[in-house]
$ cat final.csv   # CSV, C-alpha atoms
chain,number,residue,atom,x,y,z
A,1,MET,CA,-64.7,-2.4,56.4
A,2,SER,CA,-63.8,-4.2,53.1
A,3,LYS,CA,-60.9,-3.2,51.0
A,4,PRO,CA,-61.4,-1.3,47.8
A,5,SER,CA,-61.1,-3.7,44.9
A,6,VAL,CA,-59.5,-3.2,41.5
A,7,THR,CA,-58.8,-5.4,38.6
A,8,VAL,CA,-55.6,-4.8,36.6
A,9,ILE,CA,-55.8,-6.0,33.0
A,10,ASP,CA,-53.1,-8.4,32.1
A,11,TYR,CA,-52.8,-8.5,28.3
A,12,GLY,CA,-49.2,-9.6,28.0
A,13,ILE,CA,-47.6,-6.2,28.0
A,14,GLY,CA,-46.9,-3.7,30.7
A,15,ASN,CA,-45.4,-3.2,34.1
A,16,ILE,CA,-48.3,-4.9,36.0
A,17,PHE,CA,-46.5,-6.1,39.1
A,18,SER,CA,-45.2,-2.7,40.2
A,19,VAL,CA,-48.7,-1.4,39.6
A,20,ARG,CA,-50.1,-4.2,41.7
A,21,ARG,CA,-47.6,-3.6,44.6
A,22,ALA,CA,-48.4,0.1,44.6
A,23,LEU,CA,-52.2,-0.6,44.8
A,24,GLU,CA,-51.7,-3.1,47.6
A,25,HIS,CA,-49.7,-0.5,49.4
A,26,CYS,CA,-52.8,1.8,49.1
A,27,GLY,CA,-54.8,-0.9,50.8
A,28,ALA,CA,-56.5,-2.4,47.7
A,29,ASP,CA,-57.6,-5.9,47.0
A,30,VAL,CA,-55.9,-6.4,43.6
A,31,GLN,CA,-56.7,-8.9,40.9
A,32,LEU,CA,-54.7,-9.4,37.8
A,33,SER,CA,-56.9,-10.8,35.0
A,34,SER,CA,-57.1,-11.4,31.3
A,35,LYS,CA,-60.6,-13.0,31.6
A,36,GLU,CA,-63.6,-11.3,30.1
A,37,THR,CA,-66.0,-12.3,32.9
A,38,GLU,CA,-63.7,-11.1,35.7
A,39,ILE,CA,-63.0,-7.8,34.0
A,40,ALA,CA,-66.7,-7.2,33.3
A,41,ALA,CA,-67.6,-7.9,37.0
A,42,ALA,CA,-64.8,-5.6,38.4
A,43,ASP,CA,-65.5,-2.6,40.6
A,44,ARG,CA,-62.8,-0.6,38.9
A,45,VAL,CA,-60.2,-1.4,36.3
A,46,ILE,CA,-56.7,-0.3,35.5
A,47,LEU,CA,-55.2,-0.7,32.0
A,48,PRO,CA,-51.4,-0.5,32.4
A,49,GLY,CA,-48.8,-0.7,29.6
A,50,VAL,CA,-45.4,0.1,28.3
A,51,GLY,CA,-44.1,-0.2,24.8
A,52,ALA,CA,-45.6,0.4,21.4
A,53,PHE,CA,-49.3,1.3,20.7
A,54,ALA,CA,-49.8,-1.4,18.0
A,55,ASP,CA,-48.4,-4.1,20.3
A,56,GLY,CA,-50.7,-3.0,23.1
A,57,MET,CA,-53.8,-3.1,20.9
A,58,LYS,CA,-52.7,-6.5,19.5
A,59,GLY,CA,-52.4,-7.8,23.1
A,60,LEU,CA,-56.0,-6.8,23.8
A,61,ARG,CA,-57.3,-8.0,20.5
A,62,ASP,CA,-55.6,-11.5,20.8
A,63,ARG,CA,-57.2,-12.0,24.1
A,64,GLY,CA,-60.7,-10.8,23.0
A,65,LEU,CA,-60.6,-7.9,25.4
A,66,ILE,CA,-61.3,-4.8,23.3
A,67,GLU,CA,-65.0,-5.1,23.5
A,68,VAL,CA,-65.0,-5.9,27.2
A,69,VAL,CA,-62.9,-2.8,28.0
A,70,SER,CA,-65.3,-0.7,26.0
A,71,ARG,CA,-68.4,-2.2,27.7
A,72,PHE,CA,-66.8,-1.7,31.1
A,73,ALA,CA,-66.2,2.0,30.4
A,74,ALA,CA,-69.8,2.4,29.3
A,75,THR,CA,-71.0,1.2,32.8
A,76,GLY,CA,-69.8,4.4,34.5
A,77,ARG,CA,-67.4,2.5,36.8
A,78,PRO,CA,-63.9,4.0,37.1
A,79,ILE,CA,-61.2,3.0,34.6
A,80,LEU,CA,-57.7,4.3,34.5
A,81,GLY,CA,-55.1,3.9,31.7
A,82,ILE,CA,-51.5,4.3,32.7
A,83,CYS,CA,-48.7,5.2,30.1
A,84,LEU,CA,-49.4,3.1,27.0
A,85,GLY,CA,-52.7,2.2,28.6
A,86,MET,CA,-53.7,5.9,28.5
A,87,GLN,CA,-52.7,6.2,24.9
A,88,MET,CA,-54.8,3.2,23.9
A,89,LEU,CA,-57.9,5.1,25.2
A,90,ALA,CA,-57.5,7.4,22.2
A,91,THR,CA,-59.2,7.1,18.8
A,92,SER,CA,-56.0,6.7,16.9
A,93,SER,CA,-52.2,6.8,17.0
A,94,GLU,CA,-49.5,7.8,14.5
A,95,GLU,CA,-46.8,5.7,16.2
A,96,PHE,CA,-45.2,3.4,13.5
A,97,GLY,CA,-48.0,4.1,11.1
A,98,GLU,CA,-51.7,4.5,11.5
A,99,ASN,CA,-53.3,2.6,14.3
A,100,VAL,CA,-56.8,2.4,15.7
A,101,GLY,CA,-57.3,2.7,19.5
A,102,LEU,CA,-60.2,2.1,21.9
A,103,GLY,CA,-61.8,5.4,21.1
A,104,LEU,CA,-62.9,5.9,24.8
A,105,ILE,CA,-61.4,9.4,24.8
A,106,PRO,CA,-61.6,10.9,21.3
A,107,GLY,CA,-58.2,12.1,20.3
A,108,ARG,CA,-55.0,11.2,18.6
A,109,VAL,CA,-51.6,10.0,19.9
A,110,THR,CA,-48.9,12.1,18.4
A,111,LYS,CA,-45.2,12.4,18.8
A,112,VAL,CA,-43.7,14.6,21.4
A,113,PRO,CA,-41.7,17.3,19.6
A,114,ASN,CA,-38.0,16.5,19.3
A,115,GLU,CA,-37.0,20.2,19.5
A,116,THR,CA,-37.7,22.9,22.1
A,117,VAL,CA,-39.8,25.8,21.1
A,118,GLU,CA,-36.5,27.6,20.4
A,119,GLY,CA,-35.7,25.0,17.8
A,120,LYS,CA,-33.0,23.3,19.9
A,121,PRO,CA,-32.9,19.4,19.9
A,122,HIS,CA,-33.8,17.7,23.1
A,123,LYS,CA,-34.0,14.1,24.2
A,124,ILE,CA,-36.7,11.8,22.9
A,125,PRO,CA,-38.1,9.8,24.7
A,126,HIS,CA,-39.0,12.2,27.4
A,127,ILE,CA,-37.6,10.5,30.5
A,128,GLY,CA,-37.6,11.8,34.0
A,129,TRP,CA,-39.6,14.0,36.5
A,130,SER,CA,-41.8,16.8,35.3
A,131,GLU,CA,-44.2,19.0,37.2
A,132,ILE,CA,-47.9,18.8,36.2
A,133,PHE,CA,-50.4,21.6,36.1
A,134,PRO,CA,-54.1,21.9,35.5
A,135,VAL,CA,-55.2,23.3,32.2
A,136,SER,CA,-56.7,26.8,32.1
A,137,GLY,CA,-59.9,26.7,34.1
A,138,GLY,CA,-59.4,23.1,35.0
A,139,ASP,CA,-60.5,21.5,38.2
A,140,TRP,CA,-59.0,18.4,39.8
A,141,LYS,CA,-61.9,17.7,42.3
A,142,ALA,CA,-63.4,14.2,42.1
A,143,THR,CA,-60.5,13.0,39.9
A,144,ILE,CA,-57.3,10.9,40.4
A,145,LEU,CA,-55.5,14.2,41.1
A,146,GLU,CA,-57.9,15.4,43.8
A,147,ASP,CA,-55.2,15.3,46.5
A,148,THR,CA,-52.4,16.5,44.2
A,149,SER,CA,-51.0,20.0,44.3
A,150,GLU,CA,-50.3,22.1,41.2
A,151,GLY,CA,-46.7,21.7,40.3
A,152,THR,CA,-46.3,18.2,41.7
A,153,PRO,CA,-43.5,16.3,39.9
A,154,VAL,CA,-44.3,12.9,38.4
A,155,TYR,CA,-42.2,10.3,36.5
A,156,LEU,CA,-42.6,9.9,32.8
A,157,VAL,CA,-41.1,7.7,30.1
A,158,HIS,CA,-42.6,8.3,26.7
A,159,SER,CA,-42.2,9.5,23.1
A,160,PHE,CA,-45.9,10.0,22.3
A,161,HIS,CA,-48.8,11.6,24.0
A,162,LEU,CA,-52.6,11.8,23.7
A,163,VAL,CA,-54.0,15.0,22.3
A,164,PRO,CA,-57.8,15.0,23.0
A,165,HIS,CA,-60.1,16.3,20.4
A,166,ASP,CA,-62.1,18.1,23.2
A,167,PRO,CA,-59.8,20.3,25.3
A,168,ALA,CA,-62.2,19.7,28.2
A,169,ASP,CA,-60.8,16.1,28.4
A,170,LEU,CA,-57.3,17.4,29.2
A,171,LEU,CA,-56.9,17.1,32.9
A,172,ALA,CA,-53.2,18.0,33.4
A,173,ASP,CA,-50.2,18.7,31.3
A,174,CYS,CA,-46.5,19.3,31.8
A,175,ASN,CA,-43.8,21.4,30.1
A,176,TYR,CA,-41.1,19.8,27.9
A,177,GLY,CA,-38.8,22.2,26.1
A,178,GLY,CA,-41.6,24.8,26.2
A,179,HIS,CA,-44.2,22.5,24.7
A,180,ARG,CA,-47.3,21.6,26.6
A,181,VAL,CA,-47.3,17.8,26.8
A,182,THR,CA,-50.3,15.8,28.0
A,183,ALA,CA,-49.9,14.3,31.5
A,184,ALA,CA,-53.4,13.2,32.3
A,185,VAL,CA,-56.9,13.1,30.7
A,186,ARG,CA,-60.4,12.5,31.9
A,187,SER,CA,-63.8,12.0,30.3
A,188,GLY,CA,-66.5,11.2,32.9
A,189,ASN,CA,-65.4,7.9,34.6
A,190,ILE,CA,-62.5,7.3,32.2
A,191,PHE,CA,-59.1,8.5,33.3
A,192,GLY,CA,-55.6,8.4,31.8
A,193,ALA,CA,-52.2,9.1,33.2
A,194,GLN,CA,-49.2,9.4,30.8
A,195,PHE,CA,-46.9,9.3,33.8
A,196,HIS,CA,-46.4,6.3,36.1
A,197,PRO,CA,-48.1,6.8,39.5
A,198,GLU,CA,-46.5,3.6,40.7
A,199,LYS,CA,-43.1,5.2,40.2
A,200,SER,CA,-44.0,8.7,41.3
A,201,GLY,CA,-43.4,8.3,45.0
A,202,LYS,CA,-45.8,9.5,47.7
A,203,ALA,CA,-47.7,11.7,45.2
A,204,GLY,CA,-48.3,8.8,42.9
A,205,LEU,CA,-49.6,6.7,45.7
A,206,GLN,CA,-52.0,9.5,46.6
A,207,MET,CA,-53.3,9.4,43.0
A,208,LEU,CA,-53.9,5.7,43.1
A,209,ALA,CA,-55.6,6.0,46.5
A,210,ALA,CA,-57.9,8.7,45.0
A,211,PHE,CA,-58.7,6.4,42.1
A,212,LEU,CA,-59.7,3.7,44.6
A,213,ARG,CA,-62.1,6.1,46.2
A,214,LEU,CA,-63.9,6.9,43.0

$ encode --input "final.csv" --output "structure tokens"
Amino acid sequence: MSKPSVTVIDYGIGNIFSVRRALEHCGADVQLSSKETEIAAADRVILPGVGAFADGMKGLRDRGLIEVVSRFAATGRPILGICLGMQMLATSSEEFGENVGLGLIPGRVTKVPNETVEGKPHKIPHIGWSEIFPVSGGDWKATILEDTSEGTPVYLVHSFHLVPHDPADLLADCNYGGHRVTAAVRSGNIFGAQFHPEKSGKAGLQMLAAFLRL
């Protein structure tokens, strides 16, 4: 039986080697690539990333990868954005000015509130472990969270989050200071995780394994 294969996009930004190691731990055949032809031919793709939205989009643009990512998503094959990679799936971002994203999941990247719902200041960026929950009426079957229990803690490091225009695209959220903050999104074959599965222990590996089965 052949290994599941996945191509991780290398666009000069992101924590790609820890993502690769986690995927290999899950039994995947992993390829790191910034080549249009290799990405277009992939079985499934991961768009990782850490840092600023504009820098991430510039990294894709400079390598001529914006169109190939969009074309890949249109094929129906699975694609997963992690952290900044998830945010870049959005239509736009307000981080350091107005920025245009890939538009694969219509929505806007907005700042995580710097105060609790009671008006008390809390730390930004939001760093650490938070429990994730399905949205009202949500279903995690046939998604990257298929094997994940409600209330599972995951590891996050972020100051912004993707707010989908369509609430149906919100797969999971978490609580930060009483605010509901986006943890994962899904639109058809397109998935995004604001948290880092590769840094979220056994639960994170289960999520990557579920992605490899899609």

$ closest_atom_pairs --input "final.csv" --of "segment 36-120 of chain A" --to "segment 197-201 of chain A" --cutoff "12 Å" --atoms "all atoms listed in the file" --output "tab-separated table"
residue	atom	partner	partner_atom	distance
A:Ile46	CA	A:Pro197	CA	11.8
A:Pro48	CA	A:Glu198	CA	10.5
A:Leu80	CA	A:Pro197	CA	11.1
A:Gly81	CA	A:Pro197	CA	10.9
A:Ile82	CA	A:Pro197	CA	8.0
A:Cys83	CA	A:Pro197	CA	9.6

$ atom_distance --input "final.csv" --atom1 "atom CA of Val30 of chain A" --atom2 "atom CA of Leu214 of chain A"
15.5 Å

$ residues_around --input "final.csv" --residues "segment 149-154 of chain A" --least-positions-apart "3" --cutoff "12 Å" --atoms "only C-alpha atoms" --output "PyMOL selection string"
chain A and resi 127-135+138-141+144-146+157+171-175+183-184+193-207

$ atom_distance --input "final.csv" --atom1 "atom CA of Ala74 of chain A" --atom2 "atom CA of Pro164 of chain A"
18.5 Å

$ atom_distance --input "final.csv" --atom1 "atom CA of Gly59 of chain A" --atom2 "atom CA of Asp10 of chain A"
9.0 Å

$ closest_residue --input "final.csv" --among "A:Leu23, A:Met57, A:Val112, A:Leu162" --to "Arg186 of chain A" --atoms "all atoms listed in the file"
A:Leu162

$ closest_residue --input "final.csv" --among "A:Gly64, A:Gly119, A:Gly49, A:Pro106" --to "Ser93 of chain A" --atoms "only C-alpha atoms"
A:Pro106

$ closest_residue --input "final.csv" --among "A:Glu67, A:Met88, A:Gly51, A:Arg180" --to "Val117 of chain A" --atoms "only C-alpha atoms"
A:Arg180

$ residues_near_point --input "final.csv" --point "(-70.7, 11.6, 34.8)" --cutoff "12 Å" --atoms "only C-alpha atoms" --output "number ranges by chain"
A: 73-78, 142-143, 186-190, 214

$ closest_residue --input "final.csv" --among "A:Pro125, A:Thr91, A:Leu102, A:Arg108" --to "Arg71 of chain A" --atoms "all atoms listed in the file"
A:Leu102

$ closest_residue --input "final.csv" --among "A:His179, A:His165, A:Arg44, A:His122" --to "Phe211 of chain A" --atoms "only C-alpha atoms"
A:Arg44

$ closest_residue --input "final.csv" --among "A:Ile16, A:Cys26, A:Ile9, A:Val100" --to "Val68 of chain A" --atoms "all atoms listed in the file"
A:Ile9

$ build_atoms --input "final.csv" --residues "segment 164-199 of chain A" --atoms "N, CA and C atoms" --output "PDB file, in the frame of the given file"
ATOM      1  N   PRO A 164     -56.299  15.183  23.155  1.00  0.00           N
ATOM      2  CA  PRO A 164     -57.800  15.000  23.000  1.00  0.00           C
ATOM      3  C   PRO A 164     -58.352  15.963  22.004  1.00  0.00           C
ATOM      4  N   HIS A 165     -59.384  15.467  21.309  1.00  0.00           N
ATOM      5  CA  HIS A 165     -60.100  16.300  20.400  1.00  0.00           C
ATOM      6  C   HIS A 165     -60.820  17.455  21.155  1.00  0.00           C
ATOM      7  N   ASP A 166     -61.359  17.119  22.329  1.00  0.00           N
ATOM      8  CA  ASP A 166     -62.100  18.100  23.200  1.00  0.00           C
ATOM      9  C   ASP A 166     -61.100  18.568  24.261  1.00  0.00           C
ATOM     10  N   PRO A 167     -60.725  19.843  24.260  1.00  0.00           N
ATOM     11  CA  PRO A 167     -59.800  20.300  25.300  1.00  0.00           C
ATOM     12  C   PRO A 167     -60.299  20.104  26.715  1.00  0.00           C
ATOM     13  N   ALA A 168     -61.614  19.942  26.890  1.00  0.00           N
ATOM     14  CA  ALA A 168     -62.200  19.700  28.200  1.00  0.00           C
ATOM     15  C   ALA A 168     -61.740  18.345  28.777  1.00  0.00           C
ATOM     16  N   ASP A 169     -61.274  17.440  27.904  1.00  0.00           N
ATOM     17  CA  ASP A 169     -60.800  16.100  28.400  1.00  0.00           C
ATOM     18  C   ASP A 169     -59.375  16.134  28.842  1.00  0.00           C
ATOM     19  N   LEU A 170     -58.694  17.258  28.693  1.00  0.00           N
ATOM     20  CA  LEU A 170     -57.300  17.400  29.200  1.00  0.00           C
ATOM     21  C   LEU A 170     -57.316  17.760  30.632  1.00  0.00           C
ATOM     22  N   LEU A 171     -56.851  16.847  31.484  1.00  0.00           N
ATOM     23  CA  LEU A 171     -56.900  17.100  32.900  1.00  0.00           C
ATOM     24  C   LEU A 171     -55.650  17.774  33.437  1.00  0.00           C
ATOM     25  N   ALA A 172     -54.478  17.416  32.905  1.00  0.00           N
ATOM     26  CA  ALA A 172     -53.200  18.000  33.400  1.00  0.00           C
ATOM     27  C   ALA A 172     -52.199  17.907  32.234  1.00  0.00           C
ATOM     28  N   ASP A 173     -51.258  18.837  32.239  1.00  0.00           N
ATOM     29  CA  ASP A 173     -50.200  18.700  31.300  1.00  0.00           C
ATOM     30  C   ASP A 173     -48.858  19.118  31.992  1.00  0.00           C
ATOM     31  N   CYS A 174     -47.764  18.982  31.255  1.00  0.00           N
ATOM     32  CA  CYS A 174     -46.500  19.300  31.800  1.00  0.00           C
ATOM     33  C   CYS A 174     -45.679  20.047  30.678  1.00  0.00           C
ATOM     34  N   ASN A 175     -44.559  20.648  31.053  1.00  0.00           N
ATOM     35  CA  ASN A 175     -43.800  21.400  30.100  1.00  0.00           C
ATOM     36  C   ASN A 175     -42.516  20.603  29.723  1.00  0.00           C
ATOM     37  N   TYR A 176     -42.307  20.451  28.407  1.00  0.00           N
ATOM     38  CA  TYR A 176     -41.100  19.800  27.900  1.00  0.00           C
ATOM     39  C   TYR A 176     -40.522  20.648  26.789  1.00  0.00           C
ATOM     40  N   GLY A 177     -39.455  21.351  27.081  1.00  0.00           N
ATOM     41  CA  GLY A 177     -38.800  22.200  26.100  1.00  0.00           C
ATOM     42  C   GLY A 177     -39.732  23.339  25.627  1.00  0.00           C
ATOM     43  N   GLY A 178     -40.630  23.772  26.513  1.00  0.00           N
ATOM     44  CA  GLY A 178     -41.600  24.800  26.200  1.00  0.00           C
ATOM     45  C   GLY A 178     -42.846  24.352  25.549  1.00  0.00           C
ATOM     46  N   HIS A 179     -42.947  23.062  25.251  1.00  0.00           N
ATOM     47  CA  HIS A 179     -44.200  22.500  24.700  1.00  0.00           C
ATOM     48  C   HIS A 179     -45.055  21.973  25.832  1.00  0.00           C
ATOM     49  N   ARG A 180     -46.345  22.134  25.702  1.00  0.00           N
ATOM     50  CA  ARG A 180     -47.300  21.600  26.600  1.00  0.00           C
ATOM     51  C   ARG A 180     -47.563  20.130  26.226  1.00  0.00           C
ATOM     52  N   VAL A 181     -47.205  19.190  27.081  1.00  0.00           N
ATOM     53  CA  VAL A 181     -47.300  17.800  26.800  1.00  0.00           C
ATOM     54  C   VAL A 181     -48.379  17.177  27.738  1.00  0.00           C
ATOM     55  N   THR A 182     -49.265  16.357  27.196  1.00  0.00           N
ATOM     56  CA  THR A 182     -50.300  15.800  28.000  1.00  0.00           C
ATOM     57  C   THR A 182     -49.803  14.894  29.103  1.00  0.00           C
ATOM     58  N   ALA A 183     -50.260  15.164  30.327  1.00  0.00           N
ATOM     59  CA  ALA A 183     -49.900  14.300  31.500  1.00  0.00           C
ATOM     60  C   ALA A 183     -51.046  13.475  31.951  1.00  0.00           C
ATOM     61  N   ALA A 184     -52.280  13.991  31.862  1.00  0.00           N
ATOM     62  CA  ALA A 184     -53.400  13.200  32.300  1.00  0.00           C
ATOM     63  C   ALA A 184     -54.683  13.698  31.554  1.00  0.00           C
ATOM     64  N   VAL A 185     -55.612  12.761  31.347  1.00  0.00           N
ATOM     65  CA  VAL A 185     -56.900  13.100  30.700  1.00  0.00           C
ATOM     66  C   VAL A 185     -58.018  12.504  31.506  1.00  0.00           C
ATOM     67  N   ARG A 186     -59.209  13.023  31.207  1.00  0.00           N
ATOM     68  CA  ARG A 186     -60.400  12.500  31.900  1.00  0.00           C
ATOM     69  C   ARG A 186     -61.643  12.839  31.111  1.00  0.00           C
ATOM     70  N   SER A 187     -62.464  11.831  30.936  1.00  0.00           N
ATOM     71  CA  SER A 187     -63.800  12.000  30.300  1.00  0.00           C
ATOM     72  C   SER A 187     -64.764  11.189  31.149  1.00  0.00           C
ATOM     73  N   GLY A 188     -65.521  11.864  32.007  1.00  0.00           N
ATOM     74  CA  GLY A 188     -66.500  11.200  32.900  1.00  0.00           C
ATOM     75  C   GLY A 188     -65.724  10.215  33.808  1.00  0.00           C
ATOM     76  N   ASN A 189     -66.043   8.936  33.727  1.00  0.00           N
ATOM     77  CA  ASN A 189     -65.400   7.900  34.600  1.00  0.00           C
ATOM     78  C   ASN A 189     -64.135   7.355  34.034  1.00  0.00           C
ATOM     79  N   ILE A 190     -63.692   7.876  32.887  1.00  0.00           N
ATOM     80  CA  ILE A 190     -62.500   7.300  32.200  1.00  0.00           C
ATOM     81  C   ILE A 190     -61.332   8.279  32.436  1.00  0.00           C
ATOM     82  N   PHE A 191     -60.254   7.743  33.004  1.00  0.00           N
ATOM     83  CA  PHE A 191     -59.100   8.500  33.300  1.00  0.00           C
ATOM     84  C   PHE A 191     -57.842   7.942  32.654  1.00  0.00           C
ATOM     85  N   GLY A 192     -56.886   8.805  32.375  1.00  0.00           N
ATOM     86  CA  GLY A 192     -55.600   8.400  31.800  1.00  0.00           C
ATOM     87  C   GLY A 192     -54.474   9.150  32.413  1.00  0.00           C
ATOM     88  N   ALA A 193     -53.366   8.482  32.702  1.00  0.00           N
ATOM     89  CA  ALA A 193     -52.200   9.100  33.200  1.00  0.00           C
ATOM     90  C   ALA A 193     -50.998   8.718  32.298  1.00  0.00           C
ATOM     91  N   GLN A 194     -50.388   9.695  31.629  1.00  0.00           N
ATOM     92  CA  GLN A 194     -49.200   9.400  30.800  1.00  0.00           C
ATOM     93  C   GLN A 194     -48.024   9.007  31.692  1.00  0.00           C
ATOM     94  N   PHE A 195     -47.965   9.586  32.874  1.00  0.00           N
ATOM     95  CA  PHE A 195     -46.900   9.300  33.800  1.00  0.00           C
ATOM     96  C   PHE A 195     -47.195   7.970  34.545  1.00  0.00           C
ATOM     97  N   HIS A 196     -46.234   7.521  35.326  1.00  0.00           N
ATOM     98  CA  HIS A 196     -46.400   6.300  36.100  1.00  0.00           C
ATOM     99  C   HIS A 196     -46.644   6.627  37.561  1.00  0.00           C
ATOM    100  N   PRO A 197     -47.888   6.551  38.029  1.00  0.00           N
ATOM    101  CA  PRO A 197     -48.100   6.800  39.500  1.00  0.00           C
ATOM    102  C   PRO A 197     -47.366   5.862  40.358  1.00  0.00           C
ATOM    103  N   GLU A 198     -47.208   4.619  39.907  1.00  0.00           N
ATOM    104  CA  GLU A 198     -46.500   3.600  40.700  1.00  0.00           C
ATOM    105  C   GLU A 198     -45.043   3.889  40.877  1.00  0.00           C
ATOM    106  N   LYS A 199     -44.506   4.823  40.074  1.00  0.00           N
ATOM    107  CA  LYS A 199     -43.100   5.200  40.200  1.00  0.00           C
ATOM    108  C   LYS A 199     -42.905   6.647  40.564  1.00  0.00           C
TER     109      LYS A 199
END
